>>> print(open('model.txt').read())   # compact mmCIF, C-alpha atoms
# COMPACT_ATOMS: atom_id res chain seq x y z
CA MET A 61 2.55 64.97 48.74
CA ASN A 62 0.73 62.52 46.49
CA ASN A 63 1.93 59.39 48.27
CA ARG A 64 1.40 57.96 51.72
CA ILE A 65 4.58 56.01 52.46
CA TRP A 66 7.06 58.88 52.28
CA PRO A 67 7.86 60.72 55.53
CA LYS A 68 7.11 64.43 55.92
CA ARG A 69 10.83 65.19 55.84
CA LEU A 70 13.73 63.25 54.40
CA PHE A 71 16.53 63.86 56.88
CA ALA A 72 19.13 61.95 54.87
CA LEU A 73 18.72 64.38 51.98
CA ASP A 74 19.01 67.34 54.36
CA VAL A 75 22.26 66.00 55.78
CA SER A 76 23.66 65.32 52.31
CA ARG A 77 22.83 68.88 51.27
CA GLY A 78 24.63 70.28 54.30
CA LEU A 79 27.73 68.21 53.58
CA ALA A 80 27.67 69.36 49.94
CA ALA A 81 27.62 72.98 51.13
CA LEU A 82 30.67 72.40 53.30
CA GLY A 83 32.32 70.76 50.29
CA VAL A 84 31.75 73.97 48.30
CA VAL A 85 33.36 75.92 51.15
CA LEU A 86 36.45 73.72 50.82
CA TRP A 87 36.49 74.39 47.07
CA HIS A 88 36.44 78.11 47.83
CA TRP A 89 39.42 77.79 50.16
CA GLN A 90 41.46 78.76 47.11
CA HIS A 91 40.03 82.29 47.46
CA PHE A 92 42.89 82.96 49.84
CA ALA A 93 45.35 82.54 46.96
CA TYR A 94 43.74 85.44 45.08
CA ASN A 95 45.32 88.84 45.21
CA THR A 96 42.78 91.24 43.70
CA GLY A 97 40.07 90.42 41.20
CA ILE A 98 38.66 87.06 40.14
CA GLY A 99 41.45 86.48 37.62
CA ALA A 100 44.34 87.43 39.85
CA ILE A 101 45.19 84.17 41.57
CA ASP A 102 48.76 83.97 42.83
CA SER A 103 50.89 82.37 40.11
CA SER A 104 52.71 80.31 42.74
CA PHE A 105 49.48 78.76 44.03
CA ASP A 106 49.66 74.98 44.22
CA ARG A 107 46.32 73.34 44.94
CA THR A 108 48.03 70.29 46.41
CA GLN A 109 49.59 72.43 49.15
CA GLN A 110 46.24 73.29 50.69
CA PRO A 111 45.81 71.93 54.21
CA LEU A 112 44.88 68.26 54.62
CA TYR A 113 44.84 67.89 50.84
CA ALA A 114 45.27 64.11 51.06
CA ILE A 115 41.96 63.91 52.93
CA PHE A 116 39.96 66.64 51.20
CA ARG A 117 41.36 66.27 47.69
CA LEU A 118 37.95 65.49 46.21
CA PHE A 119 36.54 68.79 47.47
CA TYR A 120 39.62 70.89 46.71
CA GLU A 121 39.53 69.60 43.13
CA GLU A 122 35.81 69.28 42.41
CA GLY A 123 33.93 70.86 45.30
CA GLU A 124 32.20 73.25 42.92
CA LYS A 125 30.19 70.28 41.68
CA GLY A 126 28.29 70.46 44.96
CA VAL A 127 26.30 73.31 43.40
CA GLY A 128 24.99 70.87 40.79
CA TYR A 129 23.87 68.63 43.64
CA PHE A 130 21.95 71.56 45.17
CA PHE A 131 20.04 72.12 41.94
CA VAL A 132 19.19 68.44 41.34
CA LEU A 133 18.11 68.04 44.95
CA SER A 134 16.09 71.26 44.80
CA GLY A 135 14.19 70.00 41.76
CA PHE A 136 13.55 66.67 43.48
CA ILE A 137 12.18 68.35 46.62
CA PHE A 138 10.02 70.89 44.80
CA PHE A 139 8.39 68.32 42.56
CA TRP A 140 7.79 66.19 45.66
CA LEU A 141 6.39 68.87 47.96
CA TYR A 142 4.91 71.54 45.70
CA LYS A 143 3.93 70.29 42.26
CA ASP A 144 0.58 68.73 43.11
CA ALA A 145 -0.27 71.46 45.62
CA ILE A 146 0.30 74.14 42.97
CA LYS A 147 -1.52 72.17 40.27
CA SER A 148 -4.58 71.73 42.48
CA LYS A 149 -4.35 75.42 43.56
CA ARG A 150 -3.94 74.52 47.22
CA VAL A 151 -0.83 76.71 47.02
CA ASN A 152 -1.38 79.95 45.13
CA LEU A 153 1.27 82.25 43.67
CA GLY A 154 1.24 84.63 46.62
CA ARG A 155 1.73 81.91 49.21
CA PHE A 156 4.41 80.22 47.14
CA TRP A 157 6.42 83.42 46.75
CA VAL A 158 6.09 84.47 50.37
CA GLN A 159 7.43 81.08 51.40
CA ARG A 160 10.35 81.33 48.98
CA PHE A 161 11.06 85.01 49.71
CA SER A 162 11.02 84.52 53.48
CA ARG A 163 13.34 81.53 53.16
CA LEU A 164 15.96 83.04 50.88
CA TYR A 165 15.96 86.81 50.97
CA PRO A 166 16.66 87.90 54.58
CA LEU A 167 20.08 86.25 54.81
CA HIS A 168 20.90 87.14 51.20
CA PHE A 169 20.17 90.81 51.97
CA LEU A 170 22.17 90.73 55.20
CA THR A 171 25.25 89.16 53.62
CA LEU A 172 25.03 91.49 50.62
CA LEU A 173 25.28 94.50 52.95
CA LEU A 174 28.04 92.85 54.95
CA VAL A 175 30.16 92.05 51.90
CA ALA A 176 29.58 95.53 50.45
CA LEU A 177 30.90 97.04 53.68
CA LEU A 178 33.87 94.68 53.87
CA GLN A 179 34.78 95.36 50.24
CA LEU A 180 34.72 99.10 50.89
CA ILE A 181 37.14 98.64 53.77
CA TYR A 182 39.33 96.31 51.74
CA ILE A 183 39.42 98.67 48.75
CA ALA A 184 40.28 101.62 51.00
CA ASN A 185 43.24 99.72 52.42
CA SER A 186 44.43 97.74 49.36
CA GLY A 187 43.22 99.74 46.37
CA ASP A 188 41.14 96.97 44.78
CA SER A 189 38.38 94.47 45.49
CA TRP A 190 39.08 91.01 46.84
CA VAL A 191 38.24 88.01 44.59
CA TYR A 192 35.00 89.38 43.10
CA PRO A 193 35.90 92.57 41.22
CA LEU A 194 32.73 94.52 40.35
CA ASN A 195 31.32 95.94 43.57
CA ASP A 196 29.69 99.02 42.04
CA THR A 197 26.21 100.52 42.23
CA TYR A 198 24.91 98.71 39.13
CA HIS A 199 25.92 95.29 40.40
CA PHE A 200 24.71 96.12 43.90
CA PHE A 201 21.19 96.57 42.56
CA LEU A 202 21.46 93.38 40.49
CA ASN A 203 22.37 91.57 43.70
CA LEU A 204 19.72 93.44 45.68
CA PHE A 205 17.00 92.13 43.38
CA SER A 206 18.73 88.74 43.01
CA VAL A 207 18.99 88.89 39.23
CA HIS A 208 22.79 88.91 38.99
CA ALA A 209 22.90 85.41 37.45
CA TRP A 210 20.36 86.21 34.74
CA GLY A 211 22.93 87.29 32.15
CA LEU A 212 22.87 90.94 33.26
CA SER A 213 26.21 91.02 35.10
CA ARG A 214 29.44 92.24 33.53
CA ASP A 215 31.57 90.15 35.89
CA TRP A 216 31.48 88.57 39.35
CA SER A 217 30.38 90.85 42.19
CA PHE A 218 29.79 91.07 45.95
CA ASN A 219 28.94 87.73 47.61
CA GLY A 220 29.82 85.68 44.52
CA PRO A 221 28.41 82.30 45.66
CA THR A 222 24.91 83.81 45.76
CA TRP A 223 24.69 83.42 41.99
CA THR A 224 22.99 80.14 42.85
CA VAL A 225 20.33 82.01 44.83
CA SER A 226 19.69 84.23 41.81
CA ALA A 227 19.46 81.22 39.49
CA GLU A 228 17.21 79.40 41.96
CA ILE A 229 14.75 82.31 41.97
CA PHE A 230 14.53 82.12 38.19
CA LEU A 231 13.90 78.38 38.49
CA TYR A 232 11.08 78.99 40.97
CA ILE A 233 9.35 81.24 38.43
CA VAL A 234 9.60 78.56 35.76
CA PHE A 235 8.61 75.75 38.12
CA PHE A 236 5.49 77.47 39.44
CA TRP A 237 4.02 78.08 36.01
CA VAL A 238 4.99 74.64 34.76
CA ALA A 239 3.18 73.14 37.74
CA ARG A 240 0.18 75.47 37.41
CA VAL A 241 -0.42 74.64 33.73
CA ARG A 242 0.17 70.92 34.43
CA LEU A 243 3.12 70.40 32.11
CA GLY A 244 5.61 68.95 34.58
CA ASN A 245 5.34 65.23 33.86
CA VAL A 246 8.40 63.04 33.66
CA MET A 247 8.87 63.33 29.90
CA PHE A 248 8.52 67.11 30.01
CA CYS A 249 11.15 67.30 32.76
CA LEU A 250 13.49 65.05 30.81
CA LEU A 251 13.12 67.16 27.67
CA VAL A 252 13.73 70.46 29.47
CA SER A 253 16.73 69.00 31.27
CA PHE A 254 18.25 67.71 28.03
CA LEU A 255 17.68 70.89 26.02
CA ALA A 256 19.04 73.09 28.81
CA ALA A 257 22.12 70.87 29.14
CA VAL A 258 22.81 71.13 25.40
CA GLY A 259 22.28 74.88 25.57
CA SER A 260 24.76 75.27 28.42
CA LEU A 261 27.37 73.25 26.51
CA ILE A 262 27.15 75.45 23.40
CA SER A 263 26.61 78.80 25.13
CA GLU A 264 29.36 81.34 24.71
CA GLY A 265 30.85 83.97 27.00
CA ASP A 266 32.05 83.96 30.57
CA PHE A 267 30.02 81.97 33.08
CA ILE A 268 28.40 84.80 35.00
CA THR A 269 27.86 87.14 32.03
CA GLY A 270 25.89 84.74 29.84
CA PRO A 271 22.98 82.29 30.03
CA THR A 272 25.04 79.40 31.42
CA PRO A 273 23.98 79.69 35.10
CA ILE A 274 20.28 79.63 34.18
CA LEU A 275 20.71 76.81 31.66
CA GLN A 276 22.73 74.67 34.06
CA GLY A 277 20.19 75.35 36.78
CA LEU A 278 17.27 74.43 34.52
CA SER A 279 18.98 71.22 33.44
CA ALA A 280 19.77 70.07 36.96
CA PHE A 281 16.47 71.24 38.51
CA PHE A 282 14.26 69.43 36.01
CA LEU A 283 16.53 66.41 36.21
CA GLY A 284 15.63 66.45 39.90
CA GLY A 285 12.00 66.26 38.82
CA VAL A 286 12.81 63.16 36.74
CA VAL A 287 14.56 61.60 39.73
CA TYR A 288 11.53 62.31 41.91
CA TYR A 289 9.10 60.61 39.50
CA ILE A 290 11.34 57.56 39.12
CA THR A 291 11.95 57.27 42.86
CA ASP A 292 8.26 57.64 43.65
CA TYR A 293 7.39 54.96 41.09
CA ILE A 294 9.99 52.54 42.49
CA SER A 295 8.93 53.16 46.09
CA GLN A 296 5.32 52.25 45.35
CA LYS A 297 5.06 50.14 42.22
CA SER A 298 8.43 48.58 41.47
CA VAL A 299 10.11 47.84 44.79
CA SER A 300 12.15 45.05 43.17
CA LEU A 301 14.31 47.79 41.60
CA LYS A 302 15.44 49.18 44.95
CA PRO A 303 18.57 46.96 45.16
CA ALA A 304 19.58 48.12 41.68
CA VAL A 305 19.26 51.77 42.71
CA HIS A 306 21.37 51.22 45.81
CA SER A 307 23.94 49.27 43.80
CA VAL A 308 24.32 52.05 41.23
CA ALA A 309 24.66 54.67 43.97
CA ILE A 310 27.31 52.67 45.82
CA ALA A 311 29.18 51.93 42.60
CA THR A 312 29.29 55.59 41.55
CA ILE A 313 30.51 56.68 44.98
CA VAL A 314 33.20 53.99 45.04
CA LEU A 315 34.36 54.87 41.52
CA THR A 316 34.53 58.54 42.46
CA LEU A 317 36.64 57.80 45.54
CA ILE A 318 38.92 55.48 43.57
CA ASN A 319 39.39 58.14 40.90
CA PHE A 320 40.54 60.77 43.39
CA TYR A 321 42.37 58.72 45.99
CA ILE A 322 43.70 55.55 44.34
CA PHE A 323 43.77 55.53 40.54
CA ASP A 324 43.00 58.25 37.98
CA ILE A 325 40.13 56.66 36.06
CA GLY A 326 39.32 59.96 34.38
CA ALA A 327 42.75 60.14 32.73
CA VAL A 328 42.29 56.65 31.31
CA LEU A 329 38.88 57.57 29.88
CA LEU A 330 40.29 60.69 28.27
CA SER A 331 43.27 58.90 26.74
CA THR A 332 41.16 55.98 25.51
CA PHE A 333 37.96 57.63 24.31
CA GLY A 334 39.02 61.24 23.74
CA PRO A 335 36.03 63.60 23.38
CA LEU A 336 33.57 60.86 24.35
CA GLY A 337 35.49 60.32 27.57
CA ASP A 338 35.40 64.05 28.25
CA ILE A 339 31.63 64.15 27.69
CA PHE A 340 31.15 61.23 30.08
CA LEU A 341 33.21 62.91 32.79
CA THR A 342 31.23 66.12 32.29
CA VAL A 343 27.81 64.51 32.68
CA PHE A 344 28.78 61.90 35.28
CA PRO A 345 28.20 64.00 38.45
CA ASN A 346 24.83 65.57 37.59
CA TYR A 347 23.34 62.77 35.51
CA ILE A 348 24.64 59.61 37.19
CA LEU A 349 26.20 60.19 40.60
CA PHE A 350 23.76 62.73 42.04
CA PRO A 351 20.49 61.18 40.78
CA SER A 352 21.42 57.71 42.00
CA LEU A 353 22.56 59.09 45.36
CA ILE A 354 19.35 61.07 45.90
CA ALA A 355 17.15 58.13 44.91
CA SER A 356 19.12 55.72 47.07
CA LEU A 357 19.07 57.96 50.15
CA THR A 358 15.33 58.49 49.75
CA LEU A 359 14.49 54.81 49.36
CA ALA A 360 16.85 53.84 52.18
CA GLU A 361 15.27 56.29 54.61
CA ILE A 362 11.75 55.20 53.70
CA ASP A 363 12.72 51.60 54.49
CA SER A 364 14.90 52.37 57.53
CA SER A 365 14.10 51.40 61.09
CA PRO A 366 12.71 53.89 63.63
CA LYS A 367 16.14 54.02 65.29
CA ILE A 368 17.84 55.05 62.06
CA LYS A 369 15.17 57.67 61.41
CA GLN A 370 15.66 59.01 64.92
CA TRP A 371 19.43 59.17 64.45
CA LEU A 372 19.02 60.99 61.14
CA SER A 373 16.70 63.52 62.77
CA GLU A 374 19.31 64.16 65.47
CA ILE A 375 21.99 65.05 62.92
CA SER A 376 19.62 66.95 60.63
CA TRP A 377 21.14 70.20 61.95
CA ILE A 378 23.85 69.60 59.33
CA GLY A 379 21.19 70.23 56.72
CA ASP A 380 19.75 73.16 58.65
CA ILE A 381 23.02 75.09 58.31
CA THR A 382 23.25 74.58 54.53
CA TYR A 383 22.06 78.02 53.49
CA SER A 384 23.80 79.97 56.24
CA SER A 385 27.15 78.20 55.79
CA TYR A 386 26.94 78.76 52.04
CA LEU A 387 26.17 82.48 52.32
CA LEU A 388 28.36 83.25 55.31
CA HIS A 389 31.61 81.60 54.28
CA PHE A 390 32.69 84.32 51.86
CA PRO A 391 32.10 87.20 54.34
CA LEU A 392 34.05 85.19 56.90
CA GLN A 393 36.83 84.72 54.37
CA MET A 394 36.79 88.47 53.73
CA LEU A 395 37.43 89.12 57.41
CA CYS A 396 40.50 86.88 57.13
CA ALA A 397 41.58 88.72 53.96
CA LEU A 398 41.26 92.04 55.80
CA ALA A 399 43.37 90.63 58.60
CA VAL A 400 46.02 89.81 56.01
CA SER A 401 45.79 93.27 54.41
CA TYR A 402 46.32 94.92 57.81
CA GLY A 403 49.22 92.61 58.70
CA VAL A 404 47.39 90.69 61.42
CA LEU A 405 47.73 87.39 59.52
CA ASN A 406 50.46 86.17 57.21
CA ALA A 407 49.45 85.92 53.53
CA ASP A 408 50.08 82.16 53.55
CA PHE A 409 48.12 81.48 56.74
CA TYR A 410 45.59 79.45 54.75
CA LEU A 411 48.15 76.72 54.05
CA SER A 412 48.02 75.68 57.69
CA ALA A 413 45.73 72.88 58.84
CA ILE A 414 45.18 74.84 62.05
CA ALA A 415 43.77 77.74 60.00
CA LEU A 416 41.39 75.40 58.16
CA ILE A 417 40.18 73.79 61.38
CA ALA A 418 39.80 77.19 63.05
CA PHE A 419 37.79 78.54 60.10
CA PHE A 420 35.30 75.67 60.21
CA THR A 421 35.21 75.82 64.00
CA VAL A 422 33.89 79.36 63.61
CA LEU A 423 31.76 78.83 60.48
CA VAL A 424 29.71 75.83 61.62
CA PRO A 425 28.53 77.23 65.01
CA LEU A 426 28.03 80.66 63.44
CA SER A 427 25.90 79.12 60.70
CA TYR A 428 23.79 77.20 63.22
CA ALA A 429 23.32 80.29 65.38
CA THR A 430 22.33 82.27 62.28
CA PHE A 431 19.79 79.62 61.34
CA ILE A 432 18.26 79.58 64.82
CA ARG A 433 18.50 83.27 65.71
CA PHE A 434 18.06 84.97 62.35
CA GLU A 435 16.81 82.75 59.51
CA ARG A 436 13.92 81.11 61.31
CA PRO A 437 12.69 84.25 63.15
CA ALA A 438 12.91 86.33 59.96
CA GLN A 439 11.06 83.66 58.04
CA LYS A 440 8.33 83.44 60.67
CA LEU A 441 7.98 87.22 60.91
CA ILE A 442 7.60 87.71 57.15
CA ARG A 443 5.11 84.88 56.79
CA ASN A 444 3.02 86.11 59.72
CA GLN A 445 3.00 89.66 58.41
CA LEU A 446 1.97 88.65 54.90
CA LYS A 447 -0.33 85.69 55.54
CA THR A 448 -3.40 87.91 55.44
CA TYR A 449 -2.58 88.89 51.86
CA VAL A 450 -1.67 85.49 50.43
CA GLY A 451 -4.15 83.14 52.07
>>> encode(input="model.txt", output="C-alpha cells")
Amino acid sequence: MNNRIWPKRLFALDVSRGLAALGVVLWHWQHFAYNTGIGAIDSSFDRTQQPLYAIFRLFYEEGEKGVGYFFVLSGFIFFWLYKDAIKSKRVNLGRFWVQRFSRLYPLHFLTLLLVALLQLIYIANSGDSWVYPLNDTYHFFLNLFSVHAWGLSRDWSFNGPTWTVSAEIFLYIVFFWVARVRLGNVMFCLLVSFLAAVGSLISEGDFITGPTPILQGLSAFFLGGVVYYITDYISQKSVSLKPAVHSVAIATIVLTLINFYIFDIGAVLLSTFGPLGDIFLTVFPNYILFPSLIASLTLAEIDSSPKIKQWLSEISWIGDITYSSYLLHFPLQMLCALAVSYGVLNADFYLSAIALIAFFTVLVPLSYATFIRFERPAQKLIRNQLKTYVG
C-alpha cells in the first residue's frame, strides 16, 4: 500500500463481494427451468413464479450484473494492494503468479472434475448435457487451463460460471505487465476501460465464443483502478468530497430499489430517450452504481469507529465464502437436476420457497467449510512448496 490511513483489509468490501456472489446464485436459479442445453429453457418458464420473487426480484432479474461488480472490485483491490509492489519489484512475476494460482486453481480444478463426472452421469441417464452443452475433451482442456473465456470456446461448457475465473486470469497477465512497466496511472486506466467498453459493445458473436468476456473484464477491471485512484485521493487530499461520494452511492442504490420494487424508471427512460436511455441503463451498473458503492464503502470503513470495524470483521466470513459459493453452486444444482432425472424430485421443485431456502442452507455452510478445509490449506500448501522458487 502507498498510503498510511487505509486498513490492511477492507471488510465492508469483502462482505459486499460475498453478497454479490449470492446474488449471482439467485440469478442462476433459472437453471432449473432448463431441459438440456443452454438454449433449451422450458417455454412455460415464468421468471415471476420463482420463489420469493417479490423479495428477490432484483437478483432474479439482474443478478448477473454481480459479475460486473466482481471485476470492478477486483481492479480496485489489485491496484490498491499490488500495483506499487509490482512496480518497485517487491513482488516479482513468480511470487505474483503463485499467489494467484494458489488462490484460484485448486477449487476450480476440483469443481471441474466434479461437474465433468456429474455431466457424465446426467448424460447417461437423460441423453444430453444439463444447461451447459459442450462437455467434450476439447472444452475440458480449455477449462483445465482456464482459457475457456479467451474466445476459444465453441459454446458454454462444464462449470459455466467459471468463465469469470478464466477472464480474471487474462486480466492478471495484463495487470502485472502494466504495473511492471509503470503505465497504470489514472488516465491510462480510464482510457483502457473506455476502449474495452466500446469494443465489447460492437463485438459480434455469442458471448462465450468471442472477445466479449475479455473486453468486459478489461473495462470493469481498469475502471476499478480509476475508482481506487479517486478514492485514495479523496481519502487523503480532498476529504470534503466524502459526503458527495456517499450521497451518490445512496442515491444510486435508492434509485435501483425504486426501479425494481416501486416504479419502473427504466421503462420511462427508454420511452423518453430511446437509444440514449438504453445506453444509460447499460452503463449505469458498472460505471455509476458499482464505483460509487465501492468508494463509499471504503471511505466509510476508513472513518468508522472501532466497534463498527470489529462488527465488520465478525461478518467478514460472508466475503470469505465468495469464491466457494460461486464455484460450488452449479455442481450443487447439478445434484438437484440428477435427483429430478431419477425421479427423486419433481421437475418443478425449484418453484417452492422451501427448496430455495434448503438450497442456500446447504450452499452457505458447504462454502464456508470448503473455504476453511480446502481453499486455505491448498493455498498454504502450494505457497509453501513453491516459495523457494519464487522468493
>>> closest_atom_pairs(input="model.txt", of="region 151-250 of chain A", to="region 432-441 of chain A", cutoff="10 Å", atoms="all atoms listed in the file", output="CSV")
residue,atom,partner,partner_atom,distance
A:Val158,CA,A:Gln439,CA,9.2
A:Gln159,CA,A:Gln439,CA,8.0
A:Arg160,CA,A:Gln439,CA,9.4
A:Phe161,CA,A:Gln439,CA,8.4
A:Ser162,CA,A:Gln439,CA,4.6
A:Arg163,CA,A:Gln439,CA,5.8
A:Leu164,CA,A:Glu435,CA,8.7
A:Tyr165,CA,A:Gln439,CA,9.2
A:Pro166,CA,A:Ala438,CA,6.7
A:Leu167,CA,A:Glu435,CA,6.7
>>> residues_around(input="model.txt", residues="region 403-417 of chain A", least_positions_apart="4", cutoff="6 Å", atoms="all atoms listed in the file", output="ChimeraX atom specification")
/A:110-111,399,421
>>> closest_residue(input="model.txt", among="A:Leu153, A:Leu173, A:Leu250, A:Ala145", to="Ile233 (chain A)", atoms="all atoms listed in the file")
A:Leu153
>>> atom_distance(input="model.txt", atom1="CA of Leu73 (chain A)", atom2="CA of Gly126 (chain A)")
13.3 Å
>>> closest_residue(input="model.txt", among="A:Tyr386, A:Trp140, A:Phe130, A:Phe323", to="His168 (chain A)", atoms="all atoms listed in the file")
A:Tyr386
>>> residues_around(input="model.txt", residues="Val207 (chain A)", least_positions_apart="6", cutoff="10 Å", atoms="all atoms listed in the file", output="PDB file with C-alpha atoms, keeping the file's coordinate frame")
ATOM      1  CA  HIS A 199      25.920  95.290  40.400  1.00  0.00           C
ATOM      2  CA  PHE A 201      21.190  96.570  42.560  1.00  0.00           C
ATOM      3  CA  SER A 213      26.210  91.020  35.100  1.00  0.00           C
ATOM      4  CA  TRP A 223      24.690  83.420  41.990  1.00  0.00           C
ATOM      5  CA  VAL A 225      20.330  82.010  44.830  1.00  0.00           C
ATOM      6  CA  SER A 226      19.690  84.230  41.810  1.00  0.00           C
ATOM      7  CA  ALA A 227      19.460  81.220  39.490  1.00  0.00           C
ATOM      8  CA  ILE A 229      14.750  82.310  41.970  1.00  0.00           C
ATOM      9  CA  PHE A 230      14.530  82.120  38.190  1.00  0.00           C
TER      10      PHE A 230
END
>>> atom_distance(input="model.txt", atom1="CA of Gly244 (chain A)", atom2="CA of Ile354 (chain A)")
19.5 Å
>>> closest_residue(input="model.txt", among="A:Ile137, A:Leu398, A:Glu124, A:Arg107", to="Val85 (chain A)", atoms="only C-alpha atoms")
A:Glu124
>>> residues_near_point(input="model.txt", point="(20.2, 78.9, 31.8)", cutoff="10 Å", atoms="all atoms listed in the file", output="ChimeraX atom specification")
/A:209-211,227,230-231,256-257,259-260,263,270-279
>>> atom_distance(input="model.txt", atom1="CA of Ile322 (chain A)", atom2="CA of Asn346 (chain A)")
22.4 Å
>>> decode(input="model.txt", residues="region 254-279 of chain A", atoms="N, CA and C atoms", output="mmCIF file, in the first residue's frame")
data_model
loop_
_atom_site.group_PDB
_atom_site.id
_atom_site.type_symbol
_atom_site.label_atom_id
_atom_site.label_comp_id
_atom_site.auth_asym_id
_atom_site.auth_seq_id
_atom_site.Cartn_x
_atom_site.Cartn_y
_atom_site.Cartn_z
ATOM 1 N N PHE A 254 -12.446 2.637 -21.212
ATOM 2 C CA PHE A 254 -13.343 3.178 -22.240
ATOM 3 C C PHE A 254 -13.230 2.388 -23.544
ATOM 4 N N LEU A 255 -12.005 2.156 -23.996
ATOM 5 C CA LEU A 255 -11.819 1.447 -25.265
ATOM 6 C C LEU A 255 -12.349 0.020 -25.191
ATOM 7 N N ALA A 256 -12.132 -0.639 -24.070
ATOM 8 C CA ALA A 256 -12.631 -2.009 -23.906
ATOM 9 C C ALA A 256 -14.156 -2.030 -23.868
ATOM 10 N N ALA A 257 -14.760 -1.025 -23.236
ATOM 11 C CA ALA A 257 -16.220 -0.947 -23.193
ATOM 12 C C ALA A 257 -16.793 -0.769 -24.586
ATOM 13 N N VAL A 258 -16.184 0.119 -25.373
ATOM 14 C CA VAL A 258 -16.638 0.325 -26.756
ATOM 15 C C VAL A 258 -16.464 -0.960 -27.554
ATOM 16 N N GLY A 259 -15.334 -1.623 -27.366
ATOM 17 C CA GLY A 259 -15.090 -2.872 -28.079
ATOM 18 C C GLY A 259 -16.110 -3.941 -27.753
ATOM 19 N N SER A 260 -16.498 -4.033 -26.485
ATOM 20 C CA SER A 260 -17.488 -5.045 -26.095
ATOM 21 C C SER A 260 -18.863 -4.735 -26.667
ATOM 22 N N LEU A 261 -19.177 -3.450 -26.839
ATOM 23 C CA LEU A 261 -20.473 -3.063 -27.396
ATOM 24 C C LEU A 261 -20.571 -3.395 -28.878
ATOM 25 N N ILE A 262 -19.459 -3.310 -29.602
ATOM 26 C CA ILE A 262 -19.502 -3.527 -31.052
ATOM 27 C C ILE A 262 -19.043 -4.927 -31.452
ATOM 28 N N SER A 263 -18.586 -5.723 -30.472
ATOM 29 C CA SER A 263 -18.124 -7.077 -30.800
ATOM 30 C C SER A 263 -19.298 -7.941 -31.235
ATOM 31 N N GLU A 264 -19.009 -8.861 -32.128
ATOM 32 C CA GLU A 264 -20.034 -9.725 -32.681
ATOM 33 C C GLU A 264 -19.864 -11.150 -32.157
ATOM 34 N N GLY A 265 -20.887 -11.967 -32.375
ATOM 35 C CA GLY A 265 -20.829 -13.365 -31.973
ATOM 36 C C GLY A 265 -21.447 -13.590 -30.607
ATOM 37 N N ASP A 266 -21.607 -14.866 -30.263
ATOM 38 C CA ASP A 266 -22.143 -15.213 -28.962
ATOM 39 C C ASP A 266 -21.158 -14.819 -27.871
ATOM 40 N N PHE A 267 -21.679 -14.655 -26.663
ATOM 41 C CA PHE A 267 -20.875 -14.133 -25.563
ATOM 42 C C PHE A 267 -19.615 -14.956 -25.324
ATOM 43 N N ILE A 268 -19.752 -16.243 -25.174
ATOM 44 C CA ILE A 268 -18.614 -17.060 -24.751
ATOM 45 C C ILE A 268 -17.689 -17.408 -25.905
ATOM 46 N N THR A 269 -18.133 -17.248 -27.151
ATOM 47 C CA THR A 269 -17.309 -17.651 -28.295
ATOM 48 C C THR A 269 -16.514 -16.500 -28.894
ATOM 49 N N GLY A 270 -16.675 -15.307 -28.393
ATOM 50 C CA GLY A 270 -15.987 -14.144 -28.934
ATOM 51 C C GLY A 270 -15.165 -13.423 -27.887
ATOM 52 N N PRO A 271 -14.759 -12.191 -28.182
ATOM 53 C CA PRO A 271 -13.893 -11.434 -27.273
ATOM 54 C C PRO A 271 -14.634 -10.719 -26.144
ATOM 55 N N THR A 272 -15.963 -10.814 -26.123
ATOM 56 C CA THR A 272 -16.737 -10.023 -25.170
ATOM 57 C C THR A 272 -16.348 -10.240 -23.714
ATOM 58 N N PRO A 273 -16.174 -11.494 -23.230
ATOM 59 C CA PRO A 273 -15.806 -11.662 -21.819
ATOM 60 C C PRO A 273 -14.526 -10.928 -21.436
ATOM 61 N N ILE A 274 -13.502 -11.015 -22.301
ATOM 62 C CA ILE A 274 -12.238 -10.346 -22.014
ATOM 63 C C ILE A 274 -12.406 -8.831 -22.051
ATOM 64 N N LEU A 275 -13.133 -8.328 -23.043
ATOM 65 C CA LEU A 275 -13.318 -6.886 -23.172
ATOM 66 C C LEU A 275 -14.121 -6.329 -21.995
ATOM 67 N N GLN A 276 -15.188 -7.025 -21.614
ATOM 68 C CA GLN A 276 -15.966 -6.566 -20.463
ATOM 69 C C GLN A 276 -15.135 -6.619 -19.193
ATOM 70 N N GLY A 277 -14.330 -7.675 -19.057
ATOM 71 C CA GLY A 277 -13.466 -7.774 -17.893
ATOM 72 C C GLY A 277 -12.435 -6.658 -17.849
ATOM 73 N N LEU A 278 -11.795 -6.378 -18.993
ATOM 74 C CA LEU A 278 -10.819 -5.292 -19.058
ATOM 75 C C LEU A 278 -11.456 -3.959 -18.693
ATOM 76 N N SER A 279 -12.638 -3.699 -19.242
ATOM 77 C CA SER A 279 -13.311 -2.430 -18.977
ATOM 78 C C SER A 279 -13.598 -2.255 -17.491
#
